[in-house]
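Novice: To start, I am sharing the structure in question, which I have written as structure tokens.
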Amino acid sequence: MSDSRFGAMDDHFFAEGSHLRLFDKLGAQLVEGGVHFAVWAPNASRVSVVGDFNHWDGRAHPMRTRGDTGLWEAFVPGIGAGEKYKYEIADRTGKLLPLKADPFAFRTELRPGTASVVEPVPDHRWGDAAHRAHWAAVDHRRVPVSIYEVHPGSWQRDDNGWFLSWDEMASRLIPYVVDLGFTHIEFMPVSEHPYDPSWGYQATGLYAPSARFGDPAGFARFVDGAHRAGISVLIDWVPAHFPTDEHGLAHFDGTALYEHEDPRLGFHPDWNTAIYNFGRREVASFLVNNALFWAERYHVDGLRVDAVASMLYRDYSRKQGEWIPNPEGGRENWEAVAFLRATNKALYGSHAGIVTIAEESTSWPGVTLPAYDEGPATSLGFGFKWNMGFMHDTLQYMARDPVHRRFHHSDITFGLVYAFSENFVLPLSHDEVVHGKGSLLAKMSGDDWQQFANLRAYYGLMWGYPGKKLLFMGQEFAQRREWSEARALDWELRAAPSHEGVRNLVRDLNRLYRDKPALHARDCEGEGFEWLVVDDAENSVFAWLRKAPGAPPVAVVANMTPALRSGYRLPLPRDGTWREVLNSDAAVYGGSGKGNLGKVEAEHGAAQVTLPPLATIMLEFEG
């Protein structure tokens, strides 16, 4: 057999940056009789593959170049899965660099080890065809999407305080998420990373599920198990930057290969990391292929793309003189725009049912507009964008003493001005409960009772607000302590009725959101929203209607003061019975039990309703 995995067309497409199956060619590929290794190092004078199998001796298995592609390859007979290896690279002057891990490694050693490990393609027999067919047939914007964000290293730990394996996680997390009514699990990065406190956002092995949680095939089993239970799996993906650990991509062949040489382009001041050179075809291709890899090999349902704003602007977190304008003199990073468009086009073009979500904190135009060639140059092609404005404004409002809220009414109302300018996800993410910010419960104003009531009212408002939902783990039972990646969540809190009451509310909100088309089917379109009470700042009351074609409308009413308001005149568009389908002040959730005895009657365009203290209610039209 030939000891090369490449043909002339592979060379051509690789050089062009258009090869979309590089994970079948590069890295360590198990073949008959041994392993084929291939790596890109165009400025190296010599490359060898080293490992336990040759006593880490670079003289034993030198690699040969493939023309002018910059690719090096070698076939090593008689070895197989489980072999540890790295690349020994000499720069163009002949100087040896620190041993490099394989950028395309499909498995790695457990930290602090940094070697790559030969790993076969998972031979998992998937049983998720029905799940994937369902998502391929629907419009994500018009179906329920409620995301439970999870840090896999600290959701729970085993009896010894160690990380759960993917199989252990599957047996606990999947049933928990099903019970709570979430539609999606979003994992913070699962790619290999050396430093636990980076939470995975500083990855050194983009193609390898972290060894902390067992073998890579375990991740495939988790995704399949989630799919069979009706749960989609998203992963956080970090193409914005990479750490400068010497075994990683930094100065990979002795030159700034994956990054820019000039620190004004290639160094990220916020994270002390290197920025990918998106304008280099091979680098953009490496990243596009990685996105495709997770969808192909592990059947992930989508990617939440981290730090998109830092990619779009050349002056992001930089002072004057610390950045280089684009050729037109502007701050836009058009190479990054082209890369993001190419990623979304490749994913959506080859994986029906996939979804991409941008963490983008500015008002960049067209983040969720399709990336058609004939469309606006700024359109990025994402399915959704995190609504950072909603998160910031509403949390700021909830932290205020209710007596002052009437002066800040626009913290809630302003978001509806732009709520349909993009396809939004409302994120209460890990970023809001770390670095001294405290838990969501701790952010709420007032004494303990008021904090719980505020949190319940806030969740009710959010689940009634236009946009898909995202909640970080632990906030569903009102975790008191700030989150730390070094320990499990405080699960013992669930024994307290007030904490379990919040969890029960989240479960009921998810089921209501899923079961009522008025609450989800027009999340991203203005026709699904109508103000009922927008200007009652004096009482800090907000009321709006959620609606969808052919579905009974649902009125969402929030009273953000501790005052019980009886006989409040609520305008309603239809006369007749409106059933109270949710009351965040219900006793079962830990509230005071005030409400409307299950329903209200509307006459002449209005109803007299009871608004419980610090509570959100929902009323569905019955006729």
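Order determines the names: the first chain of the structure tokens is A, the second B, and so forth; residues in each chain are numbered 1 upward, and ligands are numbered 1 upward as they are shown.
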Extract the full set of strand (DSSP E) residues from region 273-520 of chain A according to DSSP on the backbone, and format it as a ChimeraX atom specification.

Specialist: /A:273-275,302-305,355-358,384-386,424-428,468-472

Novice: Take the selection from the previous step and output its residues with C-alpha atoms, as an mmCIF file, in the first residue's frame.

Specialist:
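The file below, again24.cif, is the result:
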```
data_model
loop_
_atom_site.group_PDB
_atom_site.id
_atom_site.type_symbol
_atom_site.label_atom_id
_atom_site.label_comp_id
_atom_site.auth_asym_id
_atom_site.auth_seq_id
_atom_site.Cartn_x
_atom_site.Cartn_y
_atom_site.Cartn_z
ATOM 1 C CA THR A 273 -2.972 34.881 24.074
ATOM 2 C CA ALA A 274 -2.142 34.747 20.380
ATOM 3 C CA ILE A 275 -4.685 35.736 17.727
ATOM 4 C CA GLY A 302 -24.243 23.429 17.055
ATOM 5 C CA LEU A 303 -21.461 25.759 18.127
ATOM 6 C CA ARG A 304 -21.633 28.769 20.384
ATOM 7 C CA VAL A 305 -18.741 30.868 19.090
ATOM 8 C CA VAL A 355 -27.055 25.958 14.532
ATOM 9 C CA THR A 356 -24.355 28.509 15.311
ATOM 10 C CA ILE A 357 -24.648 31.131 18.046
ATOM 11 C CA ALA A 358 -22.423 34.205 18.320
ATOM 12 C CA PHE A 384 -28.450 33.339 16.749
ATOM 13 C CA LYS A 385 -26.653 35.999 18.734
ATOM 14 C CA TRP A 386 -26.429 36.391 22.497
ATOM 15 C CA PHE A 424 -31.482 36.550 19.921
ATOM 16 C CA VAL A 425 -30.686 34.175 22.777
ATOM 17 C CA LEU A 426 -31.202 35.681 26.248
ATOM 18 C CA PRO A 427 -28.073 34.619 28.163
ATOM 19 C CA LEU A 428 -27.737 34.312 31.918
ATOM 20 C CA LYS A 468 -34.454 31.888 23.194
ATOM 21 C CA LYS A 469 -33.367 31.130 26.761
ATOM 22 C CA LEU A 470 -30.019 30.238 28.344
ATOM 23 C CA LEU A 471 -29.367 29.579 32.036
ATOM 24 C CA PHE A 472 -26.043 28.606 33.591
#
```

Novice: Would you mind listing what lies within 6 Å of region 238-247 of chain A as a list in words, with only C-alpha atoms counted and same-chain residues fewer than 3 positions away left out?

Specialist: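 Contacts, with the query itself left out: Leu99, Lys100, Ala101, Gln202, Ala250, Thr273, Ala274, Ile275, Tyr276, Asp306 and Met311 of chain A.
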
Novice: Excluding same-chain residues fewer than 5 positions from region 231-237 of chain A, what lies within 10 Å of it counting only C-alpha atoms, as a PyMOL selection string?

Specialist: chain A and resi 131-132+135+145+147-150+174-175+177-178+181-191+200-201+203+206+222-226+287+290-291+294-295+298-307+354-359

Novice: Please identify all polymer residues within 10 Å of Tyr316 (chain A), counting only C-alpha atoms, omitting same-chain residues fewer than 2 positions from it, and present them as a list in words.

Specialist: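 Once the adjacent positions are removed, what remains is His268, Pro269, Asp270, Ala309, Ser310, Met311, Leu312, Tyr313, Arg314, Arg318, Lys319, Glu322, Trp323, Arg331 and Glu332 of chain A.
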
Novice: Using only C-alpha atoms, please write the residues we just selected to a file, as a short mmCIF file (atom, residue, chain, number, x, y, z; two decimals), in the first residue's frame.

Specialist:
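Result saved to selection_10.cif:
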```
data_model
loop_
_atom_site.label_atom_id
_atom_site.label_comp_id
_atom_site.auth_asym_id
_atom_site.auth_seq_id
_atom_site.Cartn_x
_atom_site.Cartn_y
_atom_site.Cartn_z
CA HIS A 268 -4.56 39.59 22.66
CA PRO A 269 -4.08 41.96 25.62
CA ASP A 270 -7.14 40.73 27.55
CA ALA A 309 -16.55 40.88 18.99
CA SER A 310 -12.81 40.51 19.68
CA MET A 311 -12.43 39.03 16.20
CA LEU A 312 -14.43 41.65 14.32
CA TYR A 313 -12.51 44.74 15.45
CA ARG A 314 -8.79 45.36 15.05
CA ARG A 318 -6.52 48.38 22.36
CA LYS A 319 -5.50 52.00 22.81
CA GLU A 322 -1.69 49.64 19.64
CA TRP A 323 -3.55 48.47 16.54
CA ARG A 331 -11.18 49.17 12.44
CA GLU A 332 -13.08 46.23 10.92
#
```

Novice: With DSSP run on the backbone, what are the alpha helix (DSSP H) residues within region 6-153 of chain A? I'd like them as a list in words.

Specialist: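 These are the residues in question: Ala8, Met9, Asp10, Asp11, His12, Phe13, Phe14, Ala15, Glu16, Ala129, Ala130, His131, Arg132, Ala133, His134, Trp135 and Ala136 of chain A.
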
Novice: Let me see the file: selected residues, N, CA and C atoms, as a PDB file, in the first residue's frame.

Specialist:
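Saved result, out.pdb, follows:
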```pdb
ATOM      1  N   ALA A   8      -3.074  14.423  -5.499  1.00  0.00           N
ATOM      2  CA  ALA A   8      -2.826  15.728  -6.101  1.00  0.00           C
ATOM      3  C   ALA A   8      -3.945  16.715  -5.775  1.00  0.00           C
ATOM      4  N   MET A   9      -5.195  16.231  -5.738  1.00  0.00           N
ATOM      5  CA  MET A   9      -6.304  17.139  -5.444  1.00  0.00           C
ATOM      6  C   MET A   9      -6.287  17.590  -3.977  1.00  0.00           C
ATOM      7  N   ASP A  10      -5.849  16.687  -3.074  1.00  0.00           N
ATOM      8  CA  ASP A  10      -5.697  17.100  -1.682  1.00  0.00           C
ATOM      9  C   ASP A  10      -4.706  18.245  -1.576  1.00  0.00           C
ATOM     10  N   ASP A  11      -3.568  18.102  -2.267  1.00  0.00           N
ATOM     11  CA  ASP A  11      -2.559  19.162  -2.243  1.00  0.00           C
ATOM     12  C   ASP A  11      -3.150  20.469  -2.766  1.00  0.00           C
ATOM     13  N   HIS A  12      -3.900  20.373  -3.854  1.00  0.00           N
ATOM     14  CA  HIS A  12      -4.462  21.564  -4.474  1.00  0.00           C
ATOM     15  C   HIS A  12      -5.459  22.252  -3.545  1.00  0.00           C
ATOM     16  N   PHE A  13      -6.399  21.474  -3.007  1.00  0.00           N
ATOM     17  CA  PHE A  13      -7.415  22.072  -2.139  1.00  0.00           C
ATOM     18  C   PHE A  13      -6.813  22.580  -0.826  1.00  0.00           C
ATOM     19  N   PHE A  14      -5.780  21.880  -0.331  1.00  0.00           N
ATOM     20  CA  PHE A  14      -5.131  22.351   0.890  1.00  0.00           C
ATOM     21  C   PHE A  14      -4.478  23.706   0.645  1.00  0.00           C
ATOM     22  N   ALA A  15      -3.728  23.825  -0.435  1.00  0.00           N
ATOM     23  CA  ALA A  15      -3.054  25.082  -0.744  1.00  0.00           C
ATOM     24  C   ALA A  15      -4.048  26.210  -0.984  1.00  0.00           C
ATOM     25  N   GLU A  16      -5.192  25.855  -1.526  1.00  0.00           N
ATOM     26  CA  GLU A  16      -6.223  26.836  -1.831  1.00  0.00           C
ATOM     27  C   GLU A  16      -7.000  27.251  -0.579  1.00  0.00           C
ATOM     28  N   ALA A 129     -30.834   9.131  14.570  1.00  0.00           N
ATOM     29  CA  ALA A 129     -31.336   9.566  13.261  1.00  0.00           C
ATOM     30  C   ALA A 129     -32.626  10.378  13.398  1.00  0.00           C
ATOM     31  N   ALA A 130     -33.523   9.964  14.275  1.00  0.00           N
ATOM     32  CA  ALA A 130     -34.798  10.668  14.425  1.00  0.00           C
ATOM     33  C   ALA A 130     -34.577  12.073  14.978  1.00  0.00           C
ATOM     34  N   HIS A 131     -33.681  12.180  15.954  1.00  0.00           N
ATOM     35  CA  HIS A 131     -33.370  13.488  16.532  1.00  0.00           C
ATOM     36  C   HIS A 131     -32.818  14.432  15.466  1.00  0.00           C
ATOM     37  N   ARG A 132     -31.868  13.945  14.694  1.00  0.00           N
ATOM     38  CA  ARG A 132     -31.233  14.811  13.691  1.00  0.00           C
ATOM     39  C   ARG A 132     -32.212  15.168  12.579  1.00  0.00           C
ATOM     40  N   ALA A 133     -33.081  14.233  12.227  1.00  0.00           N
ATOM     41  CA  ALA A 133     -34.078  14.520  11.186  1.00  0.00           C
ATOM     42  C   ALA A 133     -35.050  15.593  11.666  1.00  0.00           C
ATOM     43  N   HIS A 134     -35.412  15.534  12.943  1.00  0.00           N
ATOM     44  CA  HIS A 134     -36.329  16.547  13.484  1.00  0.00           C
ATOM     45  C   HIS A 134     -35.739  17.941  13.339  1.00  0.00           C
ATOM     46  N   TRP A 135     -34.491  18.114  13.782  1.00  0.00           N
ATOM     47  CA  TRP A 135     -33.903  19.456  13.770  1.00  0.00           C
ATOM     48  C   TRP A 135     -33.586  19.913  12.354  1.00  0.00           C
ATOM     49  N   ALA A 136     -33.376  18.974  11.447  1.00  0.00           N
ATOM     50  CA  ALA A 136     -33.154  19.344  10.053  1.00  0.00           C
ATOM     51  C   ALA A 136     -34.428  19.866   9.394  1.00  0.00           C
TER      52      ALA A 136
END
```

Novice: Between A:Asn289, A:Ala419, A:Ala586, A:Gly576, which has the minimum distance to Lys599 (chain A) (counting only C-alpha atoms)?

Specialist: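 Using only C-alpha atoms, the shortest distance to Lys599 (chain A) belongs to A:Gly576.
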
Novice: Neighbouring residues of Met560 (chain A) were defined as those with any atom within 12 Å, considering only C-alpha atoms; residues of the same chain fewer than 3 positions away were excluded. Please report them as a ChimeraX atom specification.

Specialist: /A:394,397-406,408-409,412,444-445,450-451,453-458,460-461,536-543,557,563-565,584-585,611-617

Novice: Would you mind exporting the chosen residues as a compact mmCIF listing (two decimals), in the first residue's frame, restricted to C-alpha atoms?

Specialist:
```
# COMPACT_ATOMS: atom_id res chain seq x y z
CA THR A 394 -32.27 43.62 33.28
CA TYR A 397 -32.61 46.72 37.12
CA MET A 398 -33.08 43.70 39.40
CA ALA A 399 -30.17 44.80 41.59
CA ARG A 400 -31.92 48.10 42.38
CA ASP A 401 -34.05 48.56 45.46
CA PRO A 402 -37.69 48.40 44.29
CA VAL A 403 -38.27 51.92 45.63
CA HIS A 404 -35.84 53.23 43.00
CA ARG A 405 -36.97 51.08 40.09
CA ARG A 406 -39.56 53.59 38.90
CA HIS A 408 -35.11 53.13 35.76
CA HIS A 409 -38.17 51.76 33.96
CA ILE A 412 -36.68 46.79 30.93
CA MET A 444 -31.14 40.49 43.52
CA SER A 445 -32.03 43.36 45.87
CA GLN A 450 -37.15 39.45 48.53
CA GLN A 451 -34.07 38.06 46.77
CA ALA A 453 -39.05 36.59 45.01
CA ASN A 454 -37.05 38.90 42.74
CA LEU A 455 -35.24 35.95 41.16
CA ARG A 456 -38.50 34.11 40.51
CA ALA A 457 -40.10 37.25 39.05
CA TYR A 458 -37.02 37.79 36.90
CA GLY A 460 -40.80 34.64 34.75
CA LEU A 461 -40.11 37.88 32.90
CA ASP A 536 -46.48 52.42 34.40
CA ALA A 537 -43.15 53.40 35.89
CA GLU A 538 -44.78 54.63 39.08
CA ASN A 539 -45.89 51.09 39.98
CA SER A 540 -42.97 49.34 38.21
CA VAL A 541 -45.45 47.16 36.29
CA PHE A 542 -44.75 45.76 32.84
CA ALA A 543 -47.25 43.87 30.70
CA VAL A 557 -47.39 40.75 33.61
CA ALA A 563 -46.66 45.82 46.99
CA LEU A 564 -49.65 43.55 46.39
CA ARG A 565 -51.79 45.24 43.75
CA SER A 584 -44.08 33.04 40.26
CA ASP A 585 -45.54 33.90 43.69
CA LEU A 611 -50.59 41.39 40.88
CA PRO A 612 -48.69 39.48 43.57
CA PRO A 613 -45.68 41.20 45.17
CA LEU A 614 -42.38 40.91 43.27
CA ALA A 615 -43.90 38.44 40.85
CA THR A 616 -44.59 37.64 37.21
CA ILE A 617 -47.86 36.07 36.12
```

Novice: State, in Å with one decimal place, the distance from CA of Thr561 (chain A) to CA of Leu619 (chain A).

Specialist: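 Between these atoms lies a distance of 19.6 Å.
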
Novice: Would you please work out which residue, of A:Phe252, A:Phe286, A:Phe6, A:Phe23, is nearest to Asp91 (chain A) when using only C-alpha atoms?

Specialist: A:Phe252
